[in-house]
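Just below is one structure, and these are the notes that go with it.
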Amino acid sequence: MSRERRKPYPFDQFEPKWQRRWDEWQIFHAPNPDERNFDPAKPKFYILDMFPYPSGSGLHVGHPEGYTATDIVARYKRMRGFNVLHPMGWDAFGLPAEQYAIKTGQHPAITTRENIARFKTQLQRIGFSYDWEREINTTDPRYYKWTQWIFLQLYNSWFNPETRKAEPISTYGGEDRNSVRLAYVADVPVNWCPELGTVLANEEVVDGKSEIGGFAVVRRPMRQWMLRITRFAERLLDELDALDWPEGIKLLQRNWIGRSEGAEVHFRVARAPGLRIEEDRERDAYATIRVFTTRPDTLYGATYIVLSPENPVVDRLTTAADRATVDDYRAQVQSKSDLERTEFAKEKTGVFTGAYAINPVNSERIPIWIADYIFMGYGTGAIMGVPAHDERDLEFAREFDLPVRVVVQAPEGQESIGFVGDGTAINSPIIDGLPTPEGKRKIIAWLEERGLGSKTVNYKLRDWLFSRQRYWGEPFPIVWREGKHEALHESELPLDPPPLDDFKPTGTGEPPLAKAKEWIRYSDQATRETNTMPQWAGSCWYYLRFCDSKNSDRFVGEEAERYWMGNSIAEIGNRKAESKAAIESFQNPESEIRNRPGGVDLYVGGTEHAVLHLLYARFWHKVLFDLGYLSKPEPFQRLVNQGVILGEDGRKMSKRWGNVIDPLDVIADYGADAFRCYEMFMGPLEQMKPWSMTGVEGASRFLARVWRLLMEENQAGEWSLSSAVQEIEPNKAQLKVTHATIRKVTQDIETLSFNTAIAQMMIFVNAFTNAPGKPLSAMCTLLILLNPFAPHITSELWEKLGEKFHDLRGDITAQRWPAHDERLLIEDEVEIALQVNGKVRDRIMVPMTATSAEMEAMALASERVQQLAAGKTILKVVVIPKKVVNVVVS
RNA sequence: GCCGAUGUGGCGAAAUGGCAGACGCAACGGACUUAAAAUCCGUUCUCGCGAAAGCGGGGUAUGGGUUCGAAUCCCAUCAUCGGCACCA
């Protein structure tokens with residue numbers, strides 16, 4: 001392939017020039033309310049990209065897809081008179097830099113600095129209009145100081161169930177504050193990878209193996225920091241409804257939170273010879289097993305109890321005779337990896353404990369088993385087995401010959417054994433004959449009256465395992481004294497990680513920080529916590545820091561937070577508000593706009609963050625909101641997911657397939673504007689779509705046509721403003737296409753339909769290509785409309801126009817977005833289709849003003865219609881003004 | 001297994017109850033050129049009849065339904081992608 005291929009237009013001569021100018025003049029800086037050039041009349045608009053991890057391999061074409069979309073909206077909104085916050089930063093703590101450090105000894109800070117520099121160069125080469133003065137980096141002490149500070153807020157607060165809010169720990173009246181803190185320590189099973197010598201996060205474990213290296217991962221209990229996100233489950237679920245997010249993402253979060261309604265039922269343990277429970281009979285806690293069920297109406301069908309093998313109560317009730325079997329089974333389960341334990345289609349396993357429980361409704365003695373299909377982490381770690389109406393219980397009962405008792409009558413024609421839907425209660429004296437929902441209500445009431453159970457809601461969401469045994473993360477601002485943890489004082493932040501030469505994991509599960517003997521020693525009696533925070537910590541609140549990234553007194557200034565994270569004055573999408581009307585409305589305290597949810601107005605990123613990042617960030621936001629630091633309860637008002645860009649072969653881009661496209665290679669050949677336009681022209685933003693180099697060429701050709709609309713080339717190959725561009729009135733057709741383009745592009749940017757906006761601009765350019773004179777007014781309009789998509793070429797052409805036509809003042813970015821005139825779009829006549837029995841048979845021109853009756857008459861006068869209707873009865877004529885007339889005949 | 005999204009020319013797609021295939025890619029033909037590239041103009045869903053202009057039939061994964069009219073709404077099936085996966 002010839003590298004010397006002639007450029008269709010000289011983008012290489014002006015793209016770098018404009019990028020330098022934008023950078024030097026900081027023209028995309030968004031002033032904060034306390035800055036001199038802040039204009040209070042402008043409404044705010046906060047447009048956020050998911051900030052990247054600056055990896056060693058640089059950006060790929062997937063990153064800039066979302067970034068280009070937001071950049072278009074940002075540039076458009078500025079021209080619409082908004083004060084636009086459009087920042088960028090680096091989520092820079094993380095495993096790859098640390099792995100690299102282990103291999104080479106190069107400090108992760110150095111690797112990170114280099115990678116950030118490369119990423120920033122790449123982004124600037126695409127011409128994004130970020131406010132670089134607000135750039136942040138999660139590994140910068142001035143940033144992680146506040147990540148640590150937020151952790152202290154979590155540590156020093158609790159969730160008050162009465163107010164349903166996070167409150168300072170000082171308002172907690174109980175004895176043991178450590179039992180309610182939002183950040184707490186617990187011994188929990190973690191994913192331990194012996195081969196890598198480290199603990200892995202769930203998301204780093206794929207099919208029971210480490211994502212990196214594919215080594216076996218085992219469960220092992222370790223002392224960990226946890227965040228009590230489960231207390232917020234209800235609010236995280238309820239407050240999802242009002243957000244303007246894709247329904248699919250909301251559903252993923254709902255499923256992740258996993259709310260289910262049911263009842264807790266208390267089963268007393270029966271006394272039996274040889275049962276250790278006998279020795280503790282006055283200690284009621286050991287004598288009752290609480291189970292969670294979503295089907296309390298099937299209580300009469302419970303023929304056994306199953307406990308999770310990890311349930312601590314197992315020790316207490318196992319009989320001496322069964323102890324060996326039970327211990328053996330528990331040891332077996334413990335050694336199993338998650339993969340082995342959840343392997344589908346496998347047979348149920350379990351053992352009998354020798355103990356029995358009493359069913360509260362019928363006083364029946366039923367055996368207590370343990371089995372690994374019951375998890376300690378959900379509900380109470382105990383269930384009642386109702387084999388007739390639960391698939392898993394049925395499998396278990398068949399495996400171990402336990403009785404199956406039908407208590408729900410299935411609808412006609414369905415087998416009652418194994419029926420899990422709603423039916424009618426039978427063999428259940430208290431609720432016989434009741435449909436399932438009523439049966440549930442009645443039996444719960446019966447249990448509650450007698451203190452044998454209660455209505456309960458359970459969530460699948462678990463508390464968040466927040467510590468990692470790694471070097472390259474935020475150290476916890478915690479010290480240990482005589483086995484007890486205590487928080488550092490705010491004034492001791494930031495707490496920097498220790499300098500280390502050896503980043504290797506210790507192999508024992510002890511974090512690498514433990515090797516820094518000096519650093520660990522806090523005082524004679526106290527030592528520092530050696531775990532570090534996960535990568536999510538920095539990304540949980542970065543959008544807040546962008547509002548006021550240089551503030552050294554606070555994580556975000558109050559005024560800046562109120563302004564940027566407060567109400568959206570105008571919204572992208574269906575509802576749009578002209579800024580003047582919006583401001584008036586905003587000033588009225590009763591207005592609907594003023595009472596909008598607020599937050600980031602548009603957040604664009606990939607679906608891979610559908611649950612974790614987006615859930616964690618909402619959780620932190622709510623805690624900080626409850627504590628009075630923030631003005632709105634939700635961080636991200638509108639969320640849009642961009643689709644994945646596949647390789648040219650239709651496969652996922654990866655080194656393995658050799659189909660990775662480097663944006664800088666594309667830009668070298670076709671320029672940044674063509675790259676941007678192609679990415680937006682490929683198809684709908686949300687859709688997955690394959691890359692096509694010939695498609696890029698098409699976008700490049702389009703821009704070259706725009707270039708030649710205004711520029712001409714002399715013999716020497718030098719370009720200058722075309723003499724065809726003149727201050728002439730556009731003709732009627734030109735005026736019409738101009739205004740149709742204004743309307744279409746404006747609407748399409750609002751709905752993020754960039755592909756069709758570009759198609760319309762292509763139509764515009766095609767319409768003007770062969771015009772002998774190019775009316776200046778129409779050319780100016782095109783340049784402004786195209787500017788958000790192709791900022792370099794339009795800036796250059798605008799400047800060229802300005803040299804000749806002195807009325808054009810200032811840079812193109814300072815221009816107002818044009819408004820279309822609906823009157824210019826109105827045609828005198830319109831072509832309509834004539835259908836007979838729904839098939840198009842003719843087309844005629846009718847005046848725009850034609851009434852339905854007139855259209856009908858014209859349709860019936862058509863020769864073709866008369867031919868086809870000859871000898872038949874006209875049953876009906878349907879007239880759709882300006883579109884179609886359908887004549888129905890028999 | 002459960003939940004969700006998607007399915008339209010050779011390709012990316014447009015049209016979300018009213019003329020299917022806008023716009024672009026690719027292909028083919030023409031103009032310009034000594035020639036090529038670039039550029040400009042034109043053709044291209046499919047089948048039948050016709051020398052042609054044209055006329056007619058079919059067509060939006062498959063099968064049904066609602067409607068004067070369906071790519072669009074409803075039901076079922078299939079395929080692809082994504083998420084969850086013994087959550088009681």
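Every chain in the structure tokens takes a letter, A first, then B, and so on in the order presented; its residues are numbered from 1, and the ligands are numbered from 1 following the presented order.
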Contacts of A:His820 at 12 Å (only C-alpha atoms (C1' of nucleotides); same-chain gap of 5+ positions) as number ranges by chain: A: 735-747, 778, 781, 785, 825
Write out the residues from the selection above, keeping N, CA and C atoms, as a PDB file, in the first residue's frame.
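Result written to part37.pdb:
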ATOM      1  N   LEU A 735     -32.330  27.069  -0.129  1.00  0.00           N
ATOM      2  CA  LEU A 735     -32.807  27.541   1.167  1.00  0.00           C
ATOM      3  C   LEU A 735     -33.511  26.406   1.905  1.00  0.00           C
ATOM      4  N   LYS A 736     -34.249  25.658   1.104  1.00  0.00           N
ATOM      5  CA  LYS A 736     -35.014  24.576   1.705  1.00  0.00           C
ATOM      6  C   LYS A 736     -34.095  23.484   2.268  1.00  0.00           C
ATOM      7  N   VAL A 737     -33.113  23.081   1.492  1.00  0.00           N
ATOM      8  CA  VAL A 737     -32.234  22.017   1.979  1.00  0.00           C
ATOM      9  C   VAL A 737     -31.421  22.523   3.174  1.00  0.00           C
ATOM     10  N   THR A 738     -31.073  23.801   3.164  1.00  0.00           N
ATOM     11  CA  THR A 738     -30.333  24.373   4.293  1.00  0.00           C
ATOM     12  C   THR A 738     -31.143  24.264   5.583  1.00  0.00           C
ATOM     13  N   HIS A 739     -32.404  24.669   5.487  1.00  0.00           N
ATOM     14  CA  HIS A 739     -33.214  24.659   6.714  1.00  0.00           C
ATOM     15  C   HIS A 739     -33.614  23.254   7.128  1.00  0.00           C
ATOM     16  N   ALA A 740     -33.817  22.384   6.135  1.00  0.00           N
ATOM     17  CA  ALA A 740     -34.099  20.984   6.475  1.00  0.00           C
ATOM     18  C   ALA A 740     -32.898  20.389   7.209  1.00  0.00           C
ATOM     19  N   THR A 741     -31.695  20.794   6.795  1.00  0.00           N
ATOM     20  CA  THR A 741     -30.476  20.277   7.424  1.00  0.00           C
ATOM     21  C   THR A 741     -30.326  20.826   8.842  1.00  0.00           C
ATOM     22  N   ILE A 742     -30.619  22.112   9.017  1.00  0.00           N
ATOM     23  CA  ILE A 742     -30.562  22.672  10.380  1.00  0.00           C
ATOM     24  C   ILE A 742     -31.480  21.879  11.299  1.00  0.00           C
ATOM     25  N   ARG A 743     -32.708  21.651  10.812  1.00  0.00           N
ATOM     26  CA  ARG A 743     -33.685  20.968  11.660  1.00  0.00           C
ATOM     27  C   ARG A 743     -33.221  19.549  11.988  1.00  0.00           C
ATOM     28  N   LYS A 744     -32.805  18.830  10.960  1.00  0.00           N
ATOM     29  CA  LYS A 744     -32.438  17.421  11.141  1.00  0.00           C
ATOM     30  C   LYS A 744     -31.209  17.266  12.032  1.00  0.00           C
ATOM     31  N   VAL A 745     -30.187  18.064  11.782  1.00  0.00           N
ATOM     32  CA  VAL A 745     -28.954  17.930  12.562  1.00  0.00           C
ATOM     33  C   VAL A 745     -29.209  18.282  14.031  1.00  0.00           C
ATOM     34  N   THR A 746     -29.982  19.327  14.251  1.00  0.00           N
ATOM     35  CA  THR A 746     -30.290  19.742  15.619  1.00  0.00           C
ATOM     36  C   THR A 746     -31.039  18.633  16.359  1.00  0.00           C
ATOM     37  N   GLN A 747     -32.093  18.138  15.731  1.00  0.00           N
ATOM     38  CA  GLN A 747     -32.870  17.063  16.365  1.00  0.00           C
ATOM     39  C   GLN A 747     -32.007  15.832  16.615  1.00  0.00           C
ATOM     40  N   ALA A 778     -25.383  30.021   3.253  1.00  0.00           N
ATOM     41  CA  ALA A 778     -25.585  28.578   3.358  1.00  0.00           C
ATOM     42  C   ALA A 778     -24.300  27.875   3.754  1.00  0.00           C
ATOM     43  N   THR A 781     -23.729  28.281   7.432  1.00  0.00           N
ATOM     44  CA  THR A 781     -24.619  27.397   8.184  1.00  0.00           C
ATOM     45  C   THR A 781     -24.061  25.972   8.210  1.00  0.00           C
ATOM     46  N   LEU A 785     -22.999  23.700  11.533  1.00  0.00           N
ATOM     47  CA  LEU A 785     -23.653  22.419  11.823  1.00  0.00           C
ATOM     48  C   LEU A 785     -22.651  21.269  11.857  1.00  0.00           C
ATOM     49  N   LEU A 825     -39.626  25.380   4.819  1.00  0.00           N
ATOM     50  CA  LEU A 825     -39.669  23.949   4.510  1.00  0.00           C
ATOM     51  C   LEU A 825     -40.984  23.549   3.871  1.00  0.00           C
TER      52      LEU A 825
END
Tell me, counting only C-alpha atoms (C1' of nucleotides), for each residue of chain B within 7 Å of chain A, which pair of atoms is nearest and how far apart they are in Å to one decimal, in rows ordered by chain and increasing number, as CSV.
residue,atom,partner,partner_atom,distance
B:G4,C1',A:Gly248,CA,6.3
B:G12,C1',A:Met682,CA,6.0
B:A13,C1',A:Gly683,CA,6.4
B:G18,C1',A:Val884,CA,6.1
B:C19,C1',A:Ala833,CA,5.6
B:C23,C1',A:Ala759,CA,4.5
B:G24,C1',A:Gly698,CA,6.6
B:C25,C1',A:Gly695,CA,5.7
B:C68,C1',A:Val888,CA,6.2
B:G69,C1',A:Gly838,CA,5.4
B:C86,C1',A:Tyr373,CA,5.4
B:C87,C1',A:Lys460,CA,6.0
B:A88,C1',A:Thr293,CA,5.8
Any chance you can output those residues with C-alpha atoms (C1' of nucleotides) as a compact mmCIF listing (two decimals), in the first residue's frame?
# COMPACT_ATOMS: atom_id res chain seq x y z
C1' G B 4 -32.73 -8.89 28.16
C1' G B 12 -22.75 -0.50 7.25
C1' A B 13 -27.62 1.09 7.55
C1' G B 18 -48.88 5.32 5.61
C1' C B 19 -44.47 5.16 -1.21
C1' C B 23 -27.11 8.30 3.22
C1' G B 24 -22.55 5.72 2.64
C1' C B 25 -19.47 1.38 1.07
C1' C B 68 -58.14 0.02 4.95
C1' G B 69 -52.72 -0.35 5.42
C1' C B 86 -28.72 -24.12 42.79
C1' C B 87 -30.31 -16.83 45.63
C1' A B 88 -34.66 -20.68 48.64
Distance of atom CA of A:Val84 from atom CA of A:Arg562, expressed in Å to one decimal place: 14.9 Å
Quick one: pick out all alpha helix (DSSP H) residues within stretch 331-500 of chain A from a backbone DSSP run and write them as a PDB file with C-alpha atoms, in the first residue's frame.
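Done, and the output landed in part-v2.pdb:
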ATOM      1  CA  ALA A 331     -14.295 -30.243  54.867  1.00  0.00           C
ATOM      2  CA  GLN A 332     -15.078 -31.480  51.376  1.00  0.00           C
ATOM      3  CA  VAL A 333     -17.262 -28.493  50.607  1.00  0.00           C
ATOM      4  CA  GLN A 334     -14.695 -26.062  51.933  1.00  0.00           C
ATOM      5  CA  SER A 335     -12.017 -27.385  49.647  1.00  0.00           C
ATOM      6  CA  ASP A 338     -16.744 -21.950  43.420  1.00  0.00           C
ATOM      7  CA  LEU A 339     -16.742 -23.582  40.026  1.00  0.00           C
ATOM      8  CA  GLU A 340     -17.004 -27.076  41.433  1.00  0.00           C
ATOM      9  CA  ARG A 341     -19.670 -26.013  43.849  1.00  0.00           C
ATOM     10  CA  THR A 342     -21.941 -24.382  41.329  1.00  0.00           C
ATOM     11  CA  GLU A 391     -37.144 -28.036  41.612  1.00  0.00           C
ATOM     12  CA  ARG A 392     -33.960 -28.083  43.672  1.00  0.00           C
ATOM     13  CA  ASP A 393     -35.677 -29.511  46.732  1.00  0.00           C
ATOM     14  CA  LEU A 394     -37.300 -32.156  44.554  1.00  0.00           C
ATOM     15  CA  GLU A 395     -33.922 -33.228  43.173  1.00  0.00           C
ATOM     16  CA  PHE A 396     -32.536 -33.363  46.682  1.00  0.00           C
ATOM     17  CA  ALA A 397     -35.499 -35.338  48.045  1.00  0.00           C
ATOM     18  CA  ARG A 398     -35.261 -37.867  45.204  1.00  0.00           C
ATOM     19  CA  GLU A 399     -31.528 -38.269  45.803  1.00  0.00           C
ATOM     20  CA  PHE A 400     -32.039 -39.051  49.497  1.00  0.00           C
ATOM     21  CA  THR A 436     -51.289 -18.740  46.569  1.00  0.00           C
ATOM     22  CA  PRO A 437     -51.024 -14.965  47.228  1.00  0.00           C
ATOM     23  CA  GLU A 438     -53.785 -15.062  49.859  1.00  0.00           C
ATOM     24  CA  GLY A 439     -52.364 -18.223  51.369  1.00  0.00           C
ATOM     25  CA  LYS A 440     -49.049 -16.421  51.836  1.00  0.00           C
ATOM     26  CA  ARG A 441     -50.696 -13.484  53.557  1.00  0.00           C
ATOM     27  CA  LYS A 442     -52.784 -15.617  55.863  1.00  0.00           C
ATOM     28  CA  ILE A 443     -50.017 -17.942  56.936  1.00  0.00           C
ATOM     29  CA  ILE A 444     -47.655 -15.021  57.614  1.00  0.00           C
ATOM     30  CA  ALA A 445     -50.334 -13.414  59.786  1.00  0.00           C
ATOM     31  CA  TRP A 446     -50.807 -16.728  61.607  1.00  0.00           C
ATOM     32  CA  LEU A 447     -47.061 -17.040  62.248  1.00  0.00           C
ATOM     33  CA  GLU A 448     -46.695 -13.433  63.338  1.00  0.00           C
ATOM     34  CA  GLU A 449     -49.537 -13.742  65.876  1.00  0.00           C
TER      35      GLU A 449
END
Residue contacts of B:G64 (12 Å, only C-alpha atoms (C1' of nucleotides)) excluding same-chain residues fewer than 4 positions away, as number ranges by chain: B: 74-77
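For the atom pair formed by atom CA of A:Pro296 and atom CA of A:Glu347, the distance is 26.4 Å, given to one decimal.
Of the residues in stretch 531-711 of chain A, those that DSSP places in strand (DSSP E or B) on the basis of the backbone are Thr532, Val600, Leu602, Tyr603, Val604, Gly605, Phe636, Arg638, Leu639, Val640, Asn641, Ile645, Leu646, Lys652, Lys689, Pro690 and Met711 of chain A.
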Take the residues that were just selected and, keeping N, CA and C atoms, output them as a PDB file, in the first residue's frame.
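The result, written out as part-v9.pdb:
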ATOM      1  N   THR A 532      -4.950  -2.615  50.631  1.00  0.00           N
ATOM      2  CA  THR A 532      -5.229  -1.399  49.865  1.00  0.00           C
ATOM      3  C   THR A 532      -6.645  -1.475  49.306  1.00  0.00           C
ATOM      4  N   VAL A 600     -25.041  14.553  36.852  1.00  0.00           N
ATOM      5  CA  VAL A 600     -24.416  14.555  35.540  1.00  0.00           C
ATOM      6  C   VAL A 600     -25.534  14.472  34.499  1.00  0.00           C
ATOM      7  N   LEU A 602     -25.352  13.939  31.176  1.00  0.00           N
ATOM      8  CA  LEU A 602     -25.206  12.861  30.198  1.00  0.00           C
ATOM      9  C   LEU A 602     -23.934  12.099  30.508  1.00  0.00           C
ATOM     10  N   TYR A 603     -24.077  10.788  30.711  1.00  0.00           N
ATOM     11  CA  TYR A 603     -22.935   9.936  31.052  1.00  0.00           C
ATOM     12  C   TYR A 603     -22.866   8.835  29.996  1.00  0.00           C
ATOM     13  N   VAL A 604     -21.745   8.748  29.289  1.00  0.00           N
ATOM     14  CA  VAL A 604     -21.625   7.773  28.208  1.00  0.00           C
ATOM     15  C   VAL A 604     -20.478   6.808  28.497  1.00  0.00           C
ATOM     16  N   GLY A 605     -20.749   5.526  28.347  1.00  0.00           N
ATOM     17  CA  GLY A 605     -19.704   4.530  28.560  1.00  0.00           C
ATOM     18  C   GLY A 605     -20.187   3.147  28.180  1.00  0.00           C
ATOM     19  N   PHE A 636     -25.920  10.194  38.333  1.00  0.00           N
ATOM     20  CA  PHE A 636     -25.963  10.213  36.867  1.00  0.00           C
ATOM     21  C   PHE A 636     -27.400  10.226  36.360  1.00  0.00           C
ATOM     22  N   ARG A 638     -28.687  10.902  33.178  1.00  0.00           N
ATOM     23  CA  ARG A 638     -28.934  10.189  31.930  1.00  0.00           C
ATOM     24  C   ARG A 638     -27.708   9.373  31.560  1.00  0.00           C
ATOM     25  N   LEU A 639     -27.946   8.108  31.274  1.00  0.00           N
ATOM     26  CA  LEU A 639     -26.856   7.198  30.932  1.00  0.00           C
ATOM     27  C   LEU A 639     -27.094   6.629  29.546  1.00  0.00           C
ATOM     28  N   VAL A 640     -26.022   6.586  28.743  1.00  0.00           N
ATOM     29  CA  VAL A 640     -26.114   5.969  27.423  1.00  0.00           C
ATOM     30  C   VAL A 640     -24.913   5.045  27.258  1.00  0.00           C
ATOM     31  N   ASN A 641     -25.163   3.845  26.746  1.00  0.00           N
ATOM     32  CA  ASN A 641     -24.074   2.897  26.515  1.00  0.00           C
ATOM     33  C   ASN A 641     -23.713   2.867  25.045  1.00  0.00           C
ATOM     34  N   ILE A 645     -17.195  -1.845  19.113  1.00  0.00           N
ATOM     35  CA  ILE A 645     -16.764  -1.832  17.717  1.00  0.00           C
ATOM     36  C   ILE A 645     -15.948  -3.089  17.447  1.00  0.00           C
ATOM     37  N   LEU A 646     -16.406  -3.871  16.463  1.00  0.00           N
ATOM     38  CA  LEU A 646     -15.733  -5.127  16.131  1.00  0.00           C
ATOM     39  C   LEU A 646     -14.657  -4.874  15.078  1.00  0.00           C
ATOM     40  N   LYS A 652     -14.468  -9.756  17.703  1.00  0.00           N
ATOM     41  CA  LYS A 652     -14.073  -8.789  18.710  1.00  0.00           C
ATOM     42  C   LYS A 652     -12.618  -8.384  18.461  1.00  0.00           C
ATOM     43  N   LYS A 689     -21.022  -2.858  16.090  1.00  0.00           N
ATOM     44  CA  LYS A 689     -20.860  -2.766  14.647  1.00  0.00           C
ATOM     45  C   LYS A 689     -19.407  -2.955  14.226  1.00  0.00           C
ATOM     46  N   PRO A 690     -19.203  -3.547  13.050  1.00  0.00           N
ATOM     47  CA  PRO A 690     -17.844  -3.832  12.607  1.00  0.00           C
ATOM     48  C   PRO A 690     -17.181  -2.630  11.930  1.00  0.00           C
ATOM     49  N   MET A 711     -13.107  25.641  -1.433  1.00  0.00           N
ATOM     50  CA  MET A 711     -11.705  25.885  -1.778  1.00  0.00           C
ATOM     51  C   MET A 711     -11.419  25.431  -3.204  1.00  0.00           C
TER      52      MET A 711
END
Shell around A:Glu713 at 12 Å using only C-alpha atoms (C1' of nucleotides), local window under 6 positions removed, as a PyMOL selection string: chain A and resi 8-10+707+719-723
Spatial neighbours of stretch 33-48 of chain B, max dist 12 Å, only C-alpha atoms (C1' of nucleotides), sep filter under 2 positions, as an NGL selection string: (:A and (2 or 5-9 or 701 or 704-705 or 708 or 766 or 769-770)) or (:B and (8-10 or 20-21 or 26-31 or 50 or 55-60))
Gap from atom CA of A:Gly451 to atom CA of A:Val265 - Å, one decimal: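 Rounded to one decimal, the two atoms are 9.4 Å apart.
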Option closest in space to A:Trp464, from A:Leu493, A:Thr506, A:Ala537, A:Val407 [counting only C-alpha atoms]: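 Closest candidate: A:Ala537.
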